[in-house]
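Novice: This is structure-v6.pdb (PDB, C-alpha atoms).
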```
ATOM      1  CA  MET A 140      32.944  -4.069  -5.130  1.00  0.00           C
ATOM      2  CA  PHE A 141      29.437  -4.956  -3.956  1.00  0.00           C
ATOM      3  CA  GLU A 142      29.026  -7.194  -0.982  1.00  0.00           C
ATOM      4  CA  ARG A 143      26.464  -9.981  -0.946  1.00  0.00           C
ATOM      5  CA  ASN A 144      23.832  -8.101   1.065  1.00  0.00           C
ATOM      6  CA  ASP A 145      23.913  -5.219  -1.444  1.00  0.00           C
ATOM      7  CA  ARG A 146      23.356  -7.607  -4.338  1.00  0.00           C
ATOM      8  CA  LEU A 147      20.570  -9.391  -2.465  1.00  0.00           C
ATOM      9  CA  ARG A 148      18.831  -6.095  -1.656  1.00  0.00           C
ATOM     10  CA  GLU A 149      18.813  -5.107  -5.331  1.00  0.00           C
ATOM     11  CA  LEU A 150      17.604  -8.559  -6.352  1.00  0.00           C
ATOM     12  CA  PHE A 151      14.757  -8.487  -3.816  1.00  0.00           C
ATOM     13  CA  ARG A 152      13.796  -4.932  -4.747  1.00  0.00           C
ATOM     14  CA  GLY A 153      13.454  -5.843  -8.413  1.00  0.00           C
ATOM     15  CA  GLU A 154      11.548  -9.067  -7.751  1.00  0.00           C
ATOM     16  CA  ILE A 155       9.150  -7.376  -5.327  1.00  0.00           C
ATOM     17  CA  ALA A 156       8.473  -4.592  -7.839  1.00  0.00           C
ATOM     18  CA  LYS A 157       7.648  -7.272 -10.442  1.00  0.00           C
ATOM     19  CA  ALA A 158       5.430  -9.155  -8.005  1.00  0.00           C
ATOM     20  CA  LEU A 159       3.523  -5.993  -7.069  1.00  0.00           C
ATOM     21  CA  ARG A 160       2.686  -5.394 -10.739  1.00  0.00           C
ATOM     22  CA  GLU A 161       1.154  -8.882 -10.870  1.00  0.00           C
ATOM     23  CA  ILE A 162      -1.031  -8.523  -7.768  1.00  0.00           C
ATOM     24  CA  LYS A 163      -4.655  -7.810  -8.593  1.00  0.00           C
ATOM     25  CA  ASP A 164      -5.719  -6.446  -5.201  1.00  0.00           C
ATOM     26  CA  PRO A 165      -8.190  -3.555  -5.579  1.00  0.00           C
ATOM     27  CA  GLY A 166      -6.724  -2.012  -2.407  1.00  0.00           C
ATOM     28  CA  LEU A 167      -3.512  -1.103  -4.209  1.00  0.00           C
ATOM     29  CA  GLY A 168      -4.527   2.433  -5.136  1.00  0.00           C
ATOM     30  CA  GLY A 169      -2.626   5.605  -5.820  1.00  0.00           C
ATOM     31  CA  LEU A 170       0.874   5.682  -7.223  1.00  0.00           C
ATOM     32  CA  LEU A 171       2.866   3.050  -5.317  1.00  0.00           C
ATOM     33  CA  THR A 172       6.656   3.374  -5.294  1.00  0.00           C
ATOM     34  CA  ILE A 173       9.215   1.123  -3.632  1.00  0.00           C
ATOM     35  CA  THR A 174      11.625   3.610  -2.070  1.00  0.00           C
ATOM     36  CA  GLY A 175      14.064   1.142  -0.558  1.00  0.00           C
ATOM     37  CA  VAL A 176      14.706  -2.212   1.018  1.00  0.00           C
ATOM     38  CA  ASP A 177      16.629  -3.128   4.140  1.00  0.00           C
ATOM     39  CA  LEU A 178      17.888  -6.656   4.691  1.00  0.00           C
ATOM     40  CA  SER A 179      18.551  -7.667   8.281  1.00  0.00           C
ATOM     41  CA  VAL A 180      22.052  -8.826   9.191  1.00  0.00           C
ATOM     42  CA  ASP A 181      20.881 -12.420   9.629  1.00  0.00           C
ATOM     43  CA  ARG A 182      19.021 -12.174   6.258  1.00  0.00           C
ATOM     44  CA  LYS A 183      15.764 -13.401   7.788  1.00  0.00           C
ATOM     45  CA  THR A 184      13.765 -10.175   7.461  1.00  0.00           C
ATOM     46  CA  LEU A 185      13.403  -7.842   4.512  1.00  0.00           C
ATOM     47  CA  LYS A 186      11.872  -4.434   5.222  1.00  0.00           C
ATOM     48  CA  VAL A 187      10.378  -2.935   2.084  1.00  0.00           C
ATOM     49  CA  PHE A 188       9.846   0.812   2.260  1.00  0.00           C
ATOM     50  CA  TYR A 189       7.186   2.321   0.014  1.00  0.00           C
ATOM     51  CA  SER A 190       5.418   5.593  -0.627  1.00  0.00           C
ATOM     52  CA  VAL A 191       1.985   6.249  -2.061  1.00  0.00           C
ATOM     53  CA  LEU A 192       1.020   9.321  -4.000  1.00  0.00           C
ATOM     54  CA  GLY A 193      -2.680   9.743  -3.332  1.00  0.00           C
ATOM     55  CA  THR A 194      -5.212  10.520  -0.675  1.00  0.00           C
ATOM     56  CA  PRO A 195      -4.821   9.359   2.933  1.00  0.00           C
ATOM     57  CA  GLN A 196      -7.601   6.833   2.273  1.00  0.00           C
ATOM     58  CA  GLU A 197      -5.665   5.387  -0.684  1.00  0.00           C
ATOM     59  CA  ARG A 198      -2.556   5.216   1.487  1.00  0.00           C
ATOM     60  CA  HIS A 199      -4.458   3.335   4.191  1.00  0.00           C
ATOM     61  CA  ARG A 200      -6.017   0.911   1.682  1.00  0.00           C
ATOM     62  CA  THR A 201      -2.602   0.325   0.101  1.00  0.00           C
ATOM     63  CA  GLN A 202      -1.074  -0.335   3.520  1.00  0.00           C
ATOM     64  CA  ARG A 203      -3.704  -2.990   4.249  1.00  0.00           C
ATOM     65  CA  ALA A 204      -3.349  -4.532   0.776  1.00  0.00           C
ATOM     66  CA  LEU A 205       0.434  -4.791   1.163  1.00  0.00           C
ATOM     67  CA  ALA A 206       0.047  -6.398   4.589  1.00  0.00           C
ATOM     68  CA  ARG A 207      -2.337  -8.950   3.047  1.00  0.00           C
ATOM     69  CA  SER A 208       0.004  -9.684   0.161  1.00  0.00           C
ATOM     70  CA  ALA A 209       3.286  -9.967   2.131  1.00  0.00           C
ATOM     71  CA  SER A 210       3.074 -13.737   2.572  1.00  0.00           C
ATOM     72  CA  TYR A 211       2.076 -14.202  -1.094  1.00  0.00           C
ATOM     73  CA  ILE A 212       5.091 -12.151  -2.203  1.00  0.00           C
ATOM     74  CA  HIS A 213       7.312 -14.204   0.107  1.00  0.00           C
ATOM     75  CA  HIS A 214       5.972 -17.346  -1.547  1.00  0.00           C
ATOM     76  CA  LEU A 215       6.659 -15.891  -5.026  1.00  0.00           C
ATOM     77  CA  LEU A 216      10.230 -15.063  -4.018  1.00  0.00           C
ATOM     78  CA  ILE A 217      10.752 -18.637  -2.835  1.00  0.00           C
ATOM     79  CA  LYS A 218       9.514 -19.946  -6.188  1.00  0.00           C
ATOM     80  CA  ARG A 219      11.480 -17.492  -8.351  1.00  0.00           C
ATOM     81  CA  LEU A 220      14.826 -17.322  -6.581  1.00  0.00           C
ATOM     82  CA  ALA A 221      17.320 -20.103  -6.085  1.00  0.00           C
ATOM     83  CA  LEU A 222      18.268 -19.133  -2.545  1.00  0.00           C
ATOM     84  CA  LYS A 223      18.612 -21.259   0.539  1.00  0.00           C
ATOM     85  CA  LEU A 224      16.877 -18.684   2.714  1.00  0.00           C
ATOM     86  CA  VAL A 225      14.303 -16.174   1.491  1.00  0.00           C
ATOM     87  CA  PRO A 226      13.577 -13.516   4.127  1.00  0.00           C
ATOM     88  CA  LYS A 227      10.171 -12.692   5.526  1.00  0.00           C
ATOM     89  CA  VAL A 228       8.788  -9.591   3.793  1.00  0.00           C
ATOM     90  CA  GLU A 229       7.554  -6.619   5.833  1.00  0.00           C
ATOM     91  CA  PHE A 230       6.157  -3.437   4.291  1.00  0.00           C
ATOM     92  CA  HIS A 231       6.785  -0.074   5.951  1.00  0.00           C
ATOM     93  CA  PHE A 232       5.401   3.275   4.813  1.00  0.00           C
ATOM     94  CA  ASP A 233       8.130   5.768   3.911  1.00  0.00           C
ATOM     95  CA  ASP A 234       7.060   9.334   4.598  1.00  0.00           C
ATOM     96  CA  THR A 235      10.313  10.823   3.270  1.00  0.00           C
ATOM     97  CA  PRO A 236       8.988  12.023  -0.129  1.00  0.00           C
ATOM     98  CA  ARG A 237       6.133  13.965   1.507  1.00  0.00           C
ATOM     99  CA  ARG A 238       8.478  15.502   4.069  1.00  0.00           C
ATOM    100  CA  ALA A 239      11.004  16.397   1.357  1.00  0.00           C
ATOM    101  CA  THR A 240       8.262  18.152  -0.631  1.00  0.00           C
ATOM    102  CA  ARG A 241       7.226  20.084   2.460  1.00  0.00           C
ATOM    103  CA  ILE A 242      10.824  21.141   3.182  1.00  0.00           C
ATOM    104  CA  ASP A 243      11.278  22.247  -0.446  1.00  0.00           C
ATOM    105  CA  LYS A 244       8.128  24.364  -0.197  1.00  0.00           C
ATOM    106  CA  LEU A 245       9.314  25.928   3.063  1.00  0.00           C
ATOM    107  CA  LEU A 246      12.692  26.737   1.527  1.00  0.00           C
ATOM    108  CA  SER A 247      11.127  28.288  -1.575  1.00  0.00           C
ATOM    109  CA  ASP A 248       8.799  30.364   0.636  1.00  0.00           C
ATOM    110  CA  LEU A 249      11.836  31.540   2.593  1.00  0.00           C
ATOM    111  CA  GLU A 250      13.606  32.536  -0.638  1.00  0.00           C
ATOM    112  CA  GLU A 251      10.534  34.487  -1.738  1.00  0.00           C
ATOM    113  CA  GLU A 252      10.486  36.397   1.556  1.00  0.00           C
ATOM    114  CA  ARG A 253      14.203  37.230   1.217  1.00  0.00           C
ATOM    115  CA  GLY A 254      13.648  38.480  -2.319  1.00  0.00           C
ATOM    116  CA  LYS A 255      11.061  41.043  -1.234  1.00  0.00           C
TER     117      LYS A 255
END
```
Since I need it in another form, could you write the structure as structure tokens?

Specialist:
Amino acid sequence: MFERNDRLRELFRGEIAKALREIKDPGLGGLLTITGVDLSVDRKTLKVFYSVLGTPQERHRTQRALARSASYIHHLLIKRLALKLVPKVEFHFDDTPRRATRIDKLLSDLEEERGK
């Protein structure tokens, strides 16, 4: 059975993904993916983890655009959700996909060396 925080995390993740599709900020470049959300124990802060597939410049522009839009997204969540308390939204870059790709490449290179 899901506990309340799990349900809230999924609700926030879906609503934030919808809100990001609506934002018309030219700084949102590259392929933006929400990789996870973490709700604080007191439910006052929501950390949204994201990754960007693109150049480092696109990643930097996206980071700035998300920082600019955090309060707007918070406002949208307040309007859309019937909750007593809507947490403050913070965006954090998630480097896990890039590191996972690098580890996969290292492992495949190791397998190639063993095969020789």

Novice: What does the distance between CA of Gly175 in chain A and CA of Asp243 in chain A come to in Å, to one decimal place?

Specialist: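 Answer for the CA of Gly175 in chain A to CA of Asp243 in chain A separation: 21.3 Å.
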
Novice: For Asp233 in chain A, which residue out of A:Ser190, A:Thr172, A:Asn144, A:Ser179 is the nearest one, using all atoms listed in the file?

Specialist: A:Ser190

Novice: From the options A:Ile173, A:Ile217, A:Gly166, A:Arg253, which residue's atoms come nearest to Arg203 in chain A, counting all atoms listed in the file?

Specialist: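 Closest candidate: A:Gly166.
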
Novice: Pick the closest to Lys163 in chain A from A:Leu150, A:Ala204, A:Val180, A:Leu192: which is it, counting only C-alpha atoms?

Specialist: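 Closest to Lys163 in chain A of all the choices is A:Ala204.
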
Novice: Tell me, in Å to one decimal, how far CA of Glu252 in chain A is from CA of Arg238 in chain A.

Specialist: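 It comes out at 21.1 Å.
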
Novice: Which residue, A:Ser247, A:Thr240, A:Arg200, A:Thr184, has the smallest gap to Lys227 in chain A when you use only C-alpha atoms?

Specialist: A:Thr184

Novice: Can you pull out every residue within 12 Å of Lys157 in chain A, counting all atoms listed in the file, but drop anything in the same chain fewer than 2 positions away, and send it as a list in words?

Specialist: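 In the requested format, the answer is Leu150, Phe151, Arg152, Gly153, Glu154, Ile155, Leu159, Arg160, Glu161, Ile162, Thr172, Ile173, Ile212, Leu215, Leu216 and Arg219 of chain A.
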
Novice: Store the residues of this selection in a file with C-alpha atoms, as a PDB file, in the frame of the given file.

Specialist:
```
ATOM      1  CA  LEU A 150      17.604  -8.559  -6.352  1.00  0.00           C
ATOM      2  CA  PHE A 151      14.757  -8.487  -3.816  1.00  0.00           C
ATOM      3  CA  ARG A 152      13.796  -4.932  -4.747  1.00  0.00           C
ATOM      4  CA  GLY A 153      13.454  -5.843  -8.413  1.00  0.00           C
ATOM      5  CA  GLU A 154      11.548  -9.067  -7.751  1.00  0.00           C
ATOM      6  CA  ILE A 155       9.150  -7.376  -5.327  1.00  0.00           C
ATOM      7  CA  LEU A 159       3.523  -5.993  -7.069  1.00  0.00           C
ATOM      8  CA  ARG A 160       2.686  -5.394 -10.739  1.00  0.00           C
ATOM      9  CA  GLU A 161       1.154  -8.882 -10.870  1.00  0.00           C
ATOM     10  CA  ILE A 162      -1.031  -8.523  -7.768  1.00  0.00           C
ATOM     11  CA  THR A 172       6.656   3.374  -5.294  1.00  0.00           C
ATOM     12  CA  ILE A 173       9.215   1.123  -3.632  1.00  0.00           C
ATOM     13  CA  ILE A 212       5.091 -12.151  -2.203  1.00  0.00           C
ATOM     14  CA  LEU A 215       6.659 -15.891  -5.026  1.00  0.00           C
ATOM     15  CA  LEU A 216      10.230 -15.063  -4.018  1.00  0.00           C
ATOM     16  CA  ARG A 219      11.480 -17.492  -8.351  1.00  0.00           C
TER      17      ARG A 219
END
```

Novice: Tell me, in Å to one decimal, how far CA of Thr235 in chain A is from CA of Glu250 in chain A.

Specialist: 22.3 Å

Novice: Would you write out, as a ChimeraX atom specification, every residue that the PyMOL selection byres ((chain A and resi 226) around 7) captures in this file?

Specialist: /A:182-185,224-225,227-228

Novice: With only C-alpha atoms as the basis for distance, which of A:Arg143, A:Ser210, A:Leu205, A:Leu171 is at the shortest distance from Val191 in chain A?

Specialist: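 Looking only at the distances to Val191 in chain A, the closest residue turns out to be A:Leu171.
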
Novice: Using only C-alpha atoms, can you tell me which of A:Leu167, A:Val176, A:Ala209, A:Leu220 comes closest to Arg148 in chain A?

Specialist: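 Nearest to Arg148 in chain A: A:Val176.
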
Novice: Run the PyMOL selection byres ((chain A and resi 193) around 9) on the file and write out the hits as a ChimeraX atom specification.

Specialist: /A:168-171,191-192,194-198

Novice: Store the residues picked out above in a file with C-alpha atoms, as a tab-separated table (two decimals), in the coordinates of the input.

Specialist:
```tsv
chain	number	residue	atom	x	y	z
A	168	GLY	CA	-4.53	2.43	-5.14
A	169	GLY	CA	-2.63	5.60	-5.82
A	170	LEU	CA	0.87	5.68	-7.22
A	171	LEU	CA	2.87	3.05	-5.32
A	191	VAL	CA	1.98	6.25	-2.06
A	192	LEU	CA	1.02	9.32	-4.00
A	194	THR	CA	-5.21	10.52	-0.68
A	195	PRO	CA	-4.82	9.36	2.93
A	196	GLN	CA	-7.60	6.83	2.27
A	197	GLU	CA	-5.66	5.39	-0.68
A	198	ARG	CA	-2.56	5.22	1.49
```

Novice: Around all of range 176-190 of chain A's listed atoms, make the axis-aligned box with 8 Å on each side and tell me centre and edge lengths in Å to one decimal, as lines of an AutoDock Vina configuration file.

Specialist:
```
center_x = 13.7
center_y = -3.9
center_z = 4.5
size_x = 32.6
size_y = 35.0
size_z = 26.3
```

Novice: Rebuild N, CA and C atoms on range 171-194 of chain A, as a short mmCIF file (atom, residue, chain, number, x, y, z; two decimals), in the frame of the given file?

Specialist:
```
data_model
loop_
_atom_site.label_atom_id
_atom_site.label_comp_id
_atom_site.auth_asym_id
_atom_site.auth_seq_id
_atom_site.Cartn_x
_atom_site.Cartn_y
_atom_site.Cartn_z
N LEU A 171 2.04 3.78 -6.28
CA LEU A 171 2.87 3.05 -5.32
C LEU A 171 4.30 3.00 -5.81
N THR A 172 5.24 3.38 -4.96
CA THR A 172 6.66 3.37 -5.29
C THR A 172 7.43 2.67 -4.19
N ILE A 173 8.30 1.75 -4.59
CA ILE A 173 9.22 1.12 -3.63
C ILE A 173 10.39 2.07 -3.48
N THR A 174 10.57 2.62 -2.29
CA THR A 174 11.62 3.61 -2.07
C THR A 174 12.92 3.00 -1.56
N GLY A 175 12.85 1.78 -1.04
CA GLY A 175 14.06 1.14 -0.56
C GLY A 175 13.77 -0.18 0.10
N VAL A 176 14.81 -0.95 0.30
CA VAL A 176 14.71 -2.21 1.02
C VAL A 176 15.86 -2.30 2.00
N ASP A 177 15.60 -2.95 3.11
CA ASP A 177 16.63 -3.13 4.14
C ASP A 177 16.63 -4.58 4.56
N LEU A 178 17.74 -5.25 4.35
CA LEU A 178 17.89 -6.66 4.69
C LEU A 178 18.57 -6.76 6.05
N SER A 179 17.96 -7.53 6.95
CA SER A 179 18.55 -7.67 8.28
C SER A 179 19.90 -8.38 8.17
N VAL A 180 20.71 -8.24 9.19
CA VAL A 180 22.05 -8.83 9.19
C VAL A 180 21.99 -10.35 9.07
N ASP A 181 21.01 -10.97 9.71
CA ASP A 181 20.88 -12.42 9.63
C ASP A 181 20.13 -12.88 8.37
N ARG A 182 19.70 -11.92 7.54
CA ARG A 182 19.02 -12.17 6.26
C ARG A 182 17.69 -12.91 6.42
N LYS A 183 17.05 -12.75 7.56
CA LYS A 183 15.76 -13.40 7.79
C LYS A 183 14.58 -12.47 7.61
N THR A 184 14.83 -11.16 7.59
CA THR A 184 13.76 -10.18 7.46
C THR A 184 14.15 -9.14 6.42
N LEU A 185 13.21 -8.86 5.54
CA LEU A 185 13.40 -7.84 4.51
C LEU A 185 12.35 -6.77 4.71
N LYS A 186 12.79 -5.56 5.07
CA LYS A 186 11.87 -4.43 5.22
C LYS A 186 11.81 -3.73 3.88
N VAL A 187 10.60 -3.61 3.36
CA VAL A 187 10.38 -2.94 2.08
C VAL A 187 9.70 -1.61 2.38
N PHE A 188 10.38 -0.52 2.02
CA PHE A 188 9.85 0.81 2.26
C PHE A 188 9.16 1.30 0.99
N TYR A 189 7.98 1.88 1.16
CA TYR A 189 7.19 2.32 0.01
C TYR A 189 6.56 3.67 0.31
N SER A 190 6.19 4.36 -0.76
CA SER A 190 5.42 5.59 -0.63
C SER A 190 4.24 5.50 -1.58
N VAL A 191 3.20 6.24 -1.26
CA VAL A 191 1.98 6.25 -2.06
C VAL A 191 1.62 7.69 -2.34
N LEU A 192 1.48 8.00 -3.62
CA LEU A 192 1.02 9.32 -4.00
C LEU A 192 -0.48 9.22 -4.19
N GLY A 193 -1.22 9.82 -3.29
CA GLY A 193 -2.68 9.74 -3.33
C GLY A 193 -3.25 10.28 -2.04
N THR A 194 -4.51 10.04 -1.87
CA THR A 194 -5.21 10.52 -0.68
C THR A 194 -4.83 9.67 0.54
#
```
